[in-house]
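Shown here: coords.cif, mmCIF, C-alpha atoms.
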```cif
data_my_file
loop_
_atom_site.label_atom_id
_atom_site.label_comp_id
_atom_site.auth_asym_id
_atom_site.auth_seq_id
_atom_site.Cartn_x
_atom_site.Cartn_y
_atom_site.Cartn_z
CA MET A 244 5.51 12.30 0.43
CA ASN A 245 7.23 13.34 3.64
CA ALA A 246 7.71 10.42 6.05
CA SER A 247 6.56 12.59 8.95
CA SER A 248 3.18 13.07 7.24
CA ILE A 249 2.46 9.36 6.98
CA THR A 250 -0.16 7.86 9.26
CA PRO A 251 -0.09 4.08 8.82
CA ILE A 252 -3.45 2.43 8.30
CA LYS A 253 -4.72 0.59 11.36
CA THR A 254 -7.48 -1.83 10.46
CA PRO A 255 -9.76 -2.64 13.43
CA GLU A 256 -10.12 -6.19 14.68
CA ASP A 257 -13.87 -5.87 15.27
CA GLY A 258 -15.58 -8.97 13.90
CA LEU A 259 -12.28 -10.79 13.44
CA LYS A 260 -10.32 -13.48 15.20
CA THR A 261 -6.57 -12.83 15.16
CA GLN A 262 -3.84 -14.94 16.67
CA TRP A 263 -0.25 -16.08 16.41
CA VAL A 264 0.14 -19.81 15.84
CA LYS A 265 3.08 -22.13 15.23
CA VAL A 266 3.00 -24.22 12.07
CA LEU A 267 5.28 -27.26 11.93
CA SER A 268 7.29 -27.29 8.71
CA GLU A 269 10.18 -29.68 8.09
CA GLY A 270 10.84 -30.01 11.81
CA THR A 271 10.67 -26.27 12.57
CA GLU A 272 7.85 -24.41 14.28
CA VAL A 273 7.15 -21.43 12.05
CA PRO A 274 5.37 -18.50 13.76
CA CYS A 275 2.39 -17.38 11.70
CA PHE A 276 -0.01 -14.48 12.16
CA VAL A 277 -3.58 -15.48 11.30
CA ALA A 278 -6.65 -13.30 10.84
CA ALA A 279 -10.11 -14.58 9.91
CA PRO A 280 -13.75 -13.59 10.34
CA ASP A 281 -15.01 -14.38 13.83
CA LYS A 282 -17.73 -16.73 12.62
CA PRO A 283 -17.98 -20.28 11.33
CA GLY A 284 -16.07 -21.11 8.14
CA PRO A 285 -14.88 -22.47 5.89
CA PHE A 286 -13.14 -19.41 4.50
CA PRO A 287 -11.09 -18.89 1.34
CA ILE A 288 -7.40 -18.99 2.26
CA VAL A 289 -4.89 -16.30 1.35
CA LEU A 290 -1.20 -16.64 2.15
CA ILE A 291 0.36 -13.23 2.83
CA ILE A 292 4.05 -13.34 1.95
CA GLN A 293 6.07 -10.83 3.93
CA GLU A 294 8.09 -7.85 2.83
CA VAL A 295 11.85 -8.01 3.22
CA PHE A 296 11.33 -6.74 6.79
CA GLY A 297 9.31 -9.74 7.98
CA VAL A 298 5.82 -10.00 9.45
CA HIS A 299 5.69 -6.55 11.01
CA GLU A 300 2.62 -4.46 11.79
CA HIS A 301 1.91 -3.49 8.17
CA ILE A 302 1.80 -7.13 7.04
CA GLN A 303 -0.42 -7.99 10.00
CA ASP A 304 -2.70 -5.15 9.00
CA VAL A 305 -2.92 -6.52 5.46
CA CYS A 306 -4.06 -9.80 7.03
CA ARG A 307 -6.80 -7.96 8.89
CA ARG A 308 -7.91 -6.24 5.69
CA PHE A 309 -8.28 -9.59 3.94
CA ALA A 310 -10.12 -11.04 6.93
CA HIS A 311 -12.67 -8.24 6.72
CA GLU A 312 -13.18 -9.33 3.11
CA GLY A 313 -14.05 -12.85 4.26
CA PHE A 314 -10.67 -14.58 3.93
CA MET A 315 -8.56 -16.54 6.35
CA ALA A 316 -5.23 -14.73 5.97
CA LEU A 317 -1.95 -16.27 7.11
CA ALA A 318 1.43 -14.53 7.25
CA PRO A 319 4.28 -16.87 8.27
CA GLU A 320 7.67 -15.69 9.54
CA LEU A 321 9.68 -17.07 6.65
CA TYR A 322 13.11 -16.13 8.05
CA VAL A 323 12.59 -17.95 11.35
CA ARG A 324 15.56 -20.30 10.84
CA GLN A 325 17.93 -17.56 9.74
CA GLY A 326 17.22 -14.78 12.24
CA ASP A 327 15.06 -11.85 13.27
CA PRO A 328 14.91 -9.04 10.68
CA ALA A 329 14.22 -6.53 13.45
CA ASP A 330 17.85 -7.00 14.57
CA TYR A 331 19.15 -5.29 11.42
CA PRO A 332 18.36 -1.58 10.96
CA ASP A 333 19.33 -1.20 7.30
CA ILE A 334 18.32 -3.15 4.21
CA PRO A 335 21.83 -4.02 2.89
CA THR A 336 22.80 -5.61 6.23
CA LEU A 337 19.45 -7.37 6.50
CA ILE A 338 19.91 -8.87 3.04
CA GLU A 339 23.50 -9.90 3.79
CA LYS A 340 22.84 -11.45 7.19
CA ILE A 341 19.43 -13.05 6.66
CA VAL A 342 17.65 -12.70 3.33
CA SER A 343 20.47 -14.01 1.14
CA LYS A 344 20.61 -17.13 3.32
CA VAL A 345 16.93 -18.11 2.92
CA PRO A 346 16.57 -20.88 0.30
CA ASP A 347 13.56 -20.68 -1.97
CA ALA A 348 12.81 -24.38 -1.41
CA GLN A 349 12.54 -23.75 2.34
CA VAL A 350 10.05 -20.95 1.70
CA MET A 351 7.96 -23.11 -0.62
CA ALA A 352 7.79 -25.84 2.04
CA ASP A 353 6.79 -23.38 4.77
CA LEU A 354 4.01 -21.92 2.63
CA ASP A 355 2.78 -25.44 1.83
CA ALA A 356 2.70 -26.25 5.55
CA CYS A 357 0.70 -23.10 6.27
CA MET A 358 -1.80 -24.04 3.59
CA VAL A 359 -2.24 -27.47 5.16
CA TRP A 360 -2.66 -25.88 8.62
CA ALA A 361 -5.31 -23.52 7.25
CA GLY A 362 -7.22 -26.43 5.75
CA GLN A 363 -7.27 -28.09 9.17
CA HIS A 364 -8.46 -24.94 10.97
CA GLY A 365 -11.41 -23.57 9.04
CA GLY A 366 -9.89 -22.75 5.67
CA ASP A 367 -11.25 -23.98 2.35
CA LEU A 368 -8.46 -25.66 0.38
CA THR A 369 -10.51 -25.44 -2.81
CA ARG A 370 -10.18 -21.64 -2.62
CA THR A 371 -6.53 -20.83 -1.99
CA TYR A 372 -4.66 -17.67 -2.99
CA ALA A 373 -1.35 -15.95 -2.36
CA THR A 374 -0.10 -12.39 -2.35
CA GLY A 375 3.28 -10.98 -1.45
CA PHE A 376 5.08 -7.67 -1.20
CA CYS A 377 8.66 -6.68 -2.07
CA TRP A 378 10.74 -9.81 -1.20
CA GLY A 379 7.41 -11.63 -1.00
CA GLY A 380 6.42 -10.42 -4.45
CA ARG A 381 9.20 -12.46 -6.03
CA ILE A 382 8.22 -15.43 -3.88
CA THR A 383 4.59 -15.10 -4.98
CA TRP A 384 5.54 -15.70 -8.62
CA LEU A 385 7.63 -18.72 -7.62
CA TYR A 386 4.86 -20.12 -5.45
CA ALA A 387 2.39 -19.83 -8.31
CA ALA A 388 4.73 -22.08 -10.30
CA HIS A 389 5.12 -24.48 -7.36
CA GLN A 390 1.68 -25.05 -5.81
CA PRO A 391 -1.02 -26.57 -8.07
CA MET A 392 -3.80 -25.93 -5.53
CA LEU A 393 -3.35 -22.18 -5.85
CA LYS A 394 -6.25 -20.51 -7.68
CA SER A 395 -4.58 -17.16 -8.34
CA ALA A 396 -2.01 -14.79 -6.91
CA VAL A 397 -1.08 -11.12 -6.72
CA ALA A 398 2.60 -10.11 -6.67
CA TRP A 399 3.45 -6.60 -5.49
CA TYR A 400 6.73 -5.11 -6.77
CA GLY A 401 8.72 -8.34 -6.45
CA ARG A 402 11.96 -8.85 -8.34
CA LEU A 403 11.53 -10.59 -11.68
CA VAL A 404 14.96 -11.33 -13.12
CA GLN A 405 17.19 -11.63 -10.04
CA GLY A 406 17.06 -12.68 -6.42
CA HIS A 407 18.78 -11.37 -3.30
CA GLY A 408 21.77 -13.68 -3.10
CA PRO A 409 23.66 -16.71 -4.38
CA LEU A 410 20.98 -19.17 -3.23
CA HIS A 411 18.41 -17.59 -5.53
CA LEU A 412 19.18 -19.18 -8.86
CA THR A 413 15.63 -19.35 -10.24
CA ASN A 414 13.52 -16.24 -10.69
CA PRO A 415 10.02 -15.41 -11.91
CA ILE A 416 11.08 -14.87 -15.50
CA ASP A 417 12.49 -18.42 -15.49
CA VAL A 418 9.24 -20.13 -14.41
CA THR A 419 6.59 -18.64 -16.68
CA GLY A 420 6.30 -22.01 -18.40
CA ASP A 421 5.42 -23.60 -15.06
CA LEU A 422 2.84 -21.15 -13.69
CA LYS A 423 -0.10 -23.10 -12.28
CA ALA A 424 -2.18 -20.07 -11.34
CA PRO A 425 -2.68 -16.69 -13.02
CA VAL A 426 -0.73 -13.89 -11.38
CA LEU A 427 -1.50 -10.18 -11.29
CA GLY A 428 1.72 -8.20 -10.92
CA MET A 429 1.66 -4.70 -9.39
CA TYR A 430 4.70 -2.57 -10.20
CA GLY A 431 5.90 1.02 -9.92
CA GLY A 432 7.23 2.83 -12.94
CA GLN A 433 9.67 4.77 -10.71
CA ASP A 434 11.11 1.66 -9.02
CA ALA A 435 14.87 1.87 -9.62
CA GLY A 436 15.38 -1.62 -8.18
CA ILE A 437 13.00 -3.22 -10.69
CA PRO A 438 13.58 -1.36 -13.96
CA VAL A 439 10.68 -1.12 -16.37
CA ASP A 440 12.65 -2.97 -19.05
CA GLY A 441 12.73 -5.99 -16.74
CA VAL A 442 8.98 -5.71 -16.27
CA ARG A 443 8.51 -5.58 -20.03
CA ALA A 444 10.71 -8.66 -20.44
CA MET A 445 8.51 -10.48 -17.92
CA GLN A 446 5.39 -9.45 -19.81
CA THR A 447 6.87 -10.90 -22.99
CA ALA A 448 7.85 -14.11 -21.20
CA LEU A 449 4.28 -14.50 -19.90
CA THR A 450 2.91 -14.48 -23.43
CA LYS A 451 5.15 -17.46 -24.23
CA GLY A 452 4.52 -19.35 -21.00
CA SER A 453 1.90 -21.75 -19.70
CA GLU A 454 -1.84 -21.29 -20.10
CA LYS A 455 -1.92 -19.64 -16.65
CA ALA A 456 1.03 -17.45 -17.59
CA LYS A 457 -0.86 -16.21 -20.62
CA ALA A 458 -3.80 -15.40 -18.34
CA SER A 459 -1.52 -13.36 -16.06
CA GLN A 460 -1.23 -9.58 -16.17
CA ILE A 461 1.17 -6.91 -14.99
CA ARG A 462 -0.03 -3.44 -14.10
CA VAL A 463 2.55 -0.65 -13.97
CA TYR A 464 1.73 2.51 -12.02
CA ASP A 465 3.86 5.06 -13.84
CA ASP A 466 4.09 7.53 -10.93
CA ALA A 467 4.69 4.95 -8.20
CA ASP A 468 7.94 3.84 -6.59
CA HIS A 469 8.81 0.53 -4.99
CA GLY A 470 6.67 -0.16 -1.93
CA PHE A 471 3.84 2.09 -3.06
CA PHE A 472 1.30 0.05 -1.06
CA ALA A 473 3.31 0.25 2.20
CA ASP A 474 1.46 2.99 4.06
CA TYR A 475 4.18 3.34 6.70
CA ARG A 476 7.00 4.15 4.23
CA PRO A 477 7.96 7.39 2.46
CA MET A 478 7.32 5.89 -0.99
CA TYR A 479 3.66 5.17 -0.16
CA HIS A 480 1.44 6.41 -2.99
CA ALA A 481 -2.10 6.66 -1.66
CA ASP A 482 -3.84 7.01 -5.02
CA CYS A 483 -2.06 4.02 -6.55
CA ALA A 484 -2.59 1.94 -3.42
CA LYS A 485 -6.30 2.75 -3.39
CA ASP A 486 -6.57 1.72 -7.02
CA ALA A 487 -4.54 -1.48 -6.58
CA TRP A 488 -6.31 -2.93 -3.54
CA PRO A 489 -9.73 -3.50 -5.18
CA ARG A 490 -7.94 -4.85 -8.25
CA CYS A 491 -6.20 -7.38 -6.02
CA LEU A 492 -9.49 -8.50 -4.50
CA ALA A 493 -11.23 -8.63 -7.87
CA TRP A 494 -8.39 -10.74 -9.32
CA MET A 495 -8.78 -13.33 -6.59
CA ARG A 496 -12.55 -13.37 -6.79
CA THR A 497 -12.55 -13.61 -10.58
CA HIS A 498 -9.93 -16.36 -10.72
CA GLY A 499 -11.15 -19.20 -8.61
CA ALA A 500 -13.46 -17.72 -6.00
#
```
Once you've parsed the file, please lay out its structure as structure tokens.
Amino acid sequence: MNASSITPIKTPEDGLKTQWVKVLSEGTEVPCFVAAPDKPGPFPIVLIIQEVFGVHEHIQDVCRRFAHEGFMALAPELYVRQGDPADYPDIPTLIEKIVSKVPDAQVMADLDACMVWAGQHGGDLTRTYATGFCWGGRITWLYAAHQPMLKSAVAWYGRLVQGHGPLHLTNPIDVTGDLKAPVLGMYGGQDAGIPVDGVRAMQTALTKGSEKAKASQIRVYDDADHGFFADYRPMYHADCAKDAWPRCLAWMRTHGA
């Protein structure tokens, strides 16, 4: 698909309440974009874990899409201590200067803080979910092994057997024995950065993992590349994205709604 032919999806805010808030986490105020139905709650909570590029317009739009489905969606700026991803125009520099310096434990704590905030502001902590894209896809698997209140999660094309730097010593394939929520993985068969053999290895590891790991699934879209859901990028695959979105919603609603 030619990049010039892409028209990013713009989900309307009609019937929604959207805002930026600051969530206190380990002494730091973490900016967080929040979208929810503009009516009384409580609402199921979904944590939206950013792409490598941060909480840009596409991630905010994903929040609005979930809000139209009845969720309170929260997308925290998980690099806030390390820098602004908008300052770095290319991915290798962004990874070197920011992403490789973001400890997983810090991210887990920030997501926990956002969950607490949501529970204090109209969210239903008995119905909590997570989904993440690219960098956030890897984090989604880790969070499902970290947070026992999570009902289910959906990980979109996140790395499985390696991280983005020396601080990332534990990866999804290492925590299948600890998964506390079933995860649906969405992957592209043409993704050179996440080879299919790594995906197959993860599928095997899930069958030997926890009860929730055994309930997890990975769907591979053979014709899709990395980032196939990102409607602002050249690798966007409309057919795969349109198939994956209702599967994501059904996974959450089936597992714990």
Exercise. Can you list, as JSON, numbers by chain, every protein, DNA or RNA residue that comes within 7 Å of range 427-439 of chain A when you count all atoms listed in the file, leaving out same-chain residues fewer than 3 positions away?
Worked result: {"A": [396, 397, 398, 399, 400, 402, 442, 443, 459, 460, 461, 462, 463, 464, 465, 466, 467, 468, 469]}
For this session: List, as a PyMOL selection string, every residue that the PyMOL selection byres ((chain A and resi 357) around 8) selects in the file provided.
Result: chain A and resi 266+290+317+319+353-356+358-361
For this session: Check what the PyMOL selection byres ((chain A and resi 321) around 8) selects in the file above and give those residues as a PyMOL selection string.
Result: chain A and resi 273+293+297+319-320+322-324+350+353
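Among the candidates A:Pro285, A:Pro332, A:Pro409, A:Gly441, the one nearest to Thr369 in chain A when counting all atoms listed in the file is A:Pro285.
Under the PyMOL selection byres ((chain A and resi 337-346) around 7), the matching residues in the shown file are Tyr322, Gln325, Gly326, Pro328, Tyr331, Asp333, Ile334, Pro335, Thr336, Asp347, Ala348, Gln349, Val350, His407, Gly408, Pro409, Leu410 and His411 of chain A.
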Exercise. If we count all atoms listed in the file, what is near Ala448 in chain A at a cut-off of 12 Å, once residues fewer than 2 positions away on the same chain are taken out, given as a ChimeraX atom specification?
Worked result: /A:403-404,415-422,441-446,450-453,456-457,459-461
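Nearest residue to Ile382 in chain A among A:Thr413, A:Gln363, A:Thr271, A:Ser395 is A:Thr413, counting all atoms listed in the file.
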Please output range 400-427 of chain A, rebuilt to include N, CA and C atoms, as a PDB file, keeping the file's coordinate frame.
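Below you can see part27.pdb, which holds the result:
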```
ATOM      1  N   TYR A 400       5.357  -5.616  -6.578  1.00  0.00           N
ATOM      2  CA  TYR A 400       6.730  -5.110  -6.770  1.00  0.00           C
ATOM      3  C   TYR A 400       7.815  -6.082  -6.284  1.00  0.00           C
ATOM      4  N   GLY A 401       7.688  -7.340  -6.744  1.00  0.00           N
ATOM      5  CA  GLY A 401       8.720  -8.340  -6.450  1.00  0.00           C
ATOM      6  C   GLY A 401       9.702  -8.439  -7.613  1.00  0.00           C
ATOM      7  N   ARG A 402      10.938  -8.717  -7.306  1.00  0.00           N
ATOM      8  CA  ARG A 402      11.960  -8.850  -8.340  1.00  0.00           C
ATOM      9  C   ARG A 402      11.565  -9.930  -9.347  1.00  0.00           C
ATOM     10  N   LEU A 403      11.946  -9.708 -10.600  1.00  0.00           N
ATOM     11  CA  LEU A 403      11.530 -10.590 -11.680  1.00  0.00           C
ATOM     12  C   LEU A 403      12.682 -11.344 -12.335  1.00  0.00           C
ATOM     13  N   VAL A 404      13.845 -10.733 -12.385  1.00  0.00           N
ATOM     14  CA  VAL A 404      14.960 -11.330 -13.120  1.00  0.00           C
ATOM     15  C   VAL A 404      16.175 -11.612 -12.252  1.00  0.00           C
ATOM     16  N   GLN A 405      16.087 -11.338 -10.949  1.00  0.00           N
ATOM     17  CA  GLN A 405      17.190 -11.630 -10.040  1.00  0.00           C
ATOM     18  C   GLN A 405      16.661 -11.784  -8.626  1.00  0.00           C
ATOM     19  N   GLY A 406      17.437 -12.514  -7.817  1.00  0.00           N
ATOM     20  CA  GLY A 406      17.060 -12.680  -6.420  1.00  0.00           C
ATOM     21  C   GLY A 406      17.881 -11.763  -5.531  1.00  0.00           C
ATOM     22  N   HIS A 407      18.058 -12.192  -4.267  1.00  0.00           N
ATOM     23  CA  HIS A 407      18.780 -11.370  -3.300  1.00  0.00           C
ATOM     24  C   HIS A 407      20.071 -12.033  -2.826  1.00  0.00           C
ATOM     25  N   GLY A 408      20.545 -13.037  -3.538  1.00  0.00           N
ATOM     26  CA  GLY A 408      21.770 -13.680  -3.100  1.00  0.00           C
ATOM     27  C   GLY A 408      22.083 -14.923  -3.901  1.00  0.00           C
ATOM     28  N   PRO A 409      23.192 -15.586  -3.585  1.00  0.00           N
ATOM     29  CA  PRO A 409      23.660 -16.710  -4.380  1.00  0.00           C
ATOM     30  C   PRO A 409      22.767 -17.945  -4.315  1.00  0.00           C
ATOM     31  N   LEU A 410      21.883 -18.031  -3.327  1.00  0.00           N
ATOM     32  CA  LEU A 410      20.980 -19.170  -3.230  1.00  0.00           C
ATOM     33  C   LEU A 410      19.788 -19.043  -4.178  1.00  0.00           C
ATOM     34  N   HIS A 411      19.594 -17.854  -4.716  1.00  0.00           N
ATOM     35  CA  HIS A 411      18.410 -17.590  -5.530  1.00  0.00           C
ATOM     36  C   HIS A 411      18.788 -17.695  -6.998  1.00  0.00           C
ATOM     37  N   LEU A 412      18.746 -18.899  -7.498  1.00  0.00           N
ATOM     38  CA  LEU A 412      19.180 -19.180  -8.860  1.00  0.00           C
ATOM     39  C   LEU A 412      18.040 -19.151  -9.864  1.00  0.00           C
ATOM     40  N   THR A 413      16.811 -19.341  -9.387  1.00  0.00           N
ATOM     41  CA  THR A 413      15.630 -19.350 -10.240  1.00  0.00           C
ATOM     42  C   THR A 413      14.769 -18.142  -9.897  1.00  0.00           C
ATOM     43  N   ASN A 414      14.291 -17.458 -10.917  1.00  0.00           N
ATOM     44  CA  ASN A 414      13.520 -16.240 -10.690  1.00  0.00           C
ATOM     45  C   ASN A 414      12.231 -16.267 -11.503  1.00  0.00           C
ATOM     46  N   PRO A 415      11.308 -15.359 -11.240  1.00  0.00           N
ATOM     47  CA  PRO A 415      10.020 -15.410 -11.910  1.00  0.00           C
ATOM     48  C   PRO A 415      10.097 -15.521 -13.429  1.00  0.00           C
ATOM     49  N   ILE A 416      11.004 -14.811 -14.045  1.00  0.00           N
ATOM     50  CA  ILE A 416      11.080 -14.870 -15.500  1.00  0.00           C
ATOM     51  C   ILE A 416      11.469 -16.263 -16.002  1.00  0.00           C
ATOM     52  N   ASP A 417      12.066 -17.071 -15.123  1.00  0.00           N
ATOM     53  CA  ASP A 417      12.490 -18.420 -15.490  1.00  0.00           C
ATOM     54  C   ASP A 417      11.368 -19.457 -15.388  1.00  0.00           C
ATOM     55  N   VAL A 418      10.263 -19.114 -14.712  1.00  0.00           N
ATOM     56  CA  VAL A 418       9.240 -20.130 -14.410  1.00  0.00           C
ATOM     57  C   VAL A 418       7.906 -19.832 -15.076  1.00  0.00           C
ATOM     58  N   THR A 419       7.880 -18.958 -16.055  1.00  0.00           N
ATOM     59  CA  THR A 419       6.590 -18.640 -16.680  1.00  0.00           C
ATOM     60  C   THR A 419       5.977 -19.858 -17.368  1.00  0.00           C
ATOM     61  N   GLY A 420       6.821 -20.791 -17.791  1.00  0.00           N
ATOM     62  CA  GLY A 420       6.300 -22.010 -18.400  1.00  0.00           C
ATOM     63  C   GLY A 420       5.672 -22.961 -17.403  1.00  0.00           C
ATOM     64  N   ASP A 421       5.904 -22.711 -16.111  1.00  0.00           N
ATOM     65  CA  ASP A 421       5.420 -23.600 -15.060  1.00  0.00           C
ATOM     66  C   ASP A 421       4.289 -22.998 -14.233  1.00  0.00           C
ATOM     67  N   LEU A 422       3.872 -21.778 -14.522  1.00  0.00           N
ATOM     68  CA  LEU A 422       2.840 -21.150 -13.690  1.00  0.00           C
ATOM     69  C   LEU A 422       1.574 -21.990 -13.687  1.00  0.00           C
ATOM     70  N   LYS A 423       1.094 -22.277 -12.475  1.00  0.00           N
ATOM     71  CA  LYS A 423      -0.100 -23.100 -12.280  1.00  0.00           C
ATOM     72  C   LYS A 423      -1.303 -22.276 -11.870  1.00  0.00           C
ATOM     73  N   ALA A 424      -1.101 -20.982 -11.709  1.00  0.00           N
ATOM     74  CA  ALA A 424      -2.180 -20.070 -11.340  1.00  0.00           C
ATOM     75  C   ALA A 424      -1.887 -18.720 -12.001  1.00  0.00           C
ATOM     76  N   PRO A 425      -2.916 -18.011 -12.431  1.00  0.00           N
ATOM     77  CA  PRO A 425      -2.680 -16.690 -13.020  1.00  0.00           C
ATOM     78  C   PRO A 425      -2.250 -15.694 -11.954  1.00  0.00           C
ATOM     79  N   VAL A 426      -1.290 -14.864 -12.309  1.00  0.00           N
ATOM     80  CA  VAL A 426      -0.730 -13.890 -11.380  1.00  0.00           C
ATOM     81  C   VAL A 426      -0.992 -12.477 -11.890  1.00  0.00           C
ATOM     82  N   LEU A 427      -1.417 -11.605 -11.006  1.00  0.00           N
ATOM     83  CA  LEU A 427      -1.500 -10.180 -11.290  1.00  0.00           C
ATOM     84  C   LEU A 427      -0.288  -9.518 -10.645  1.00  0.00           C
TER      85      LEU A 427
END
```
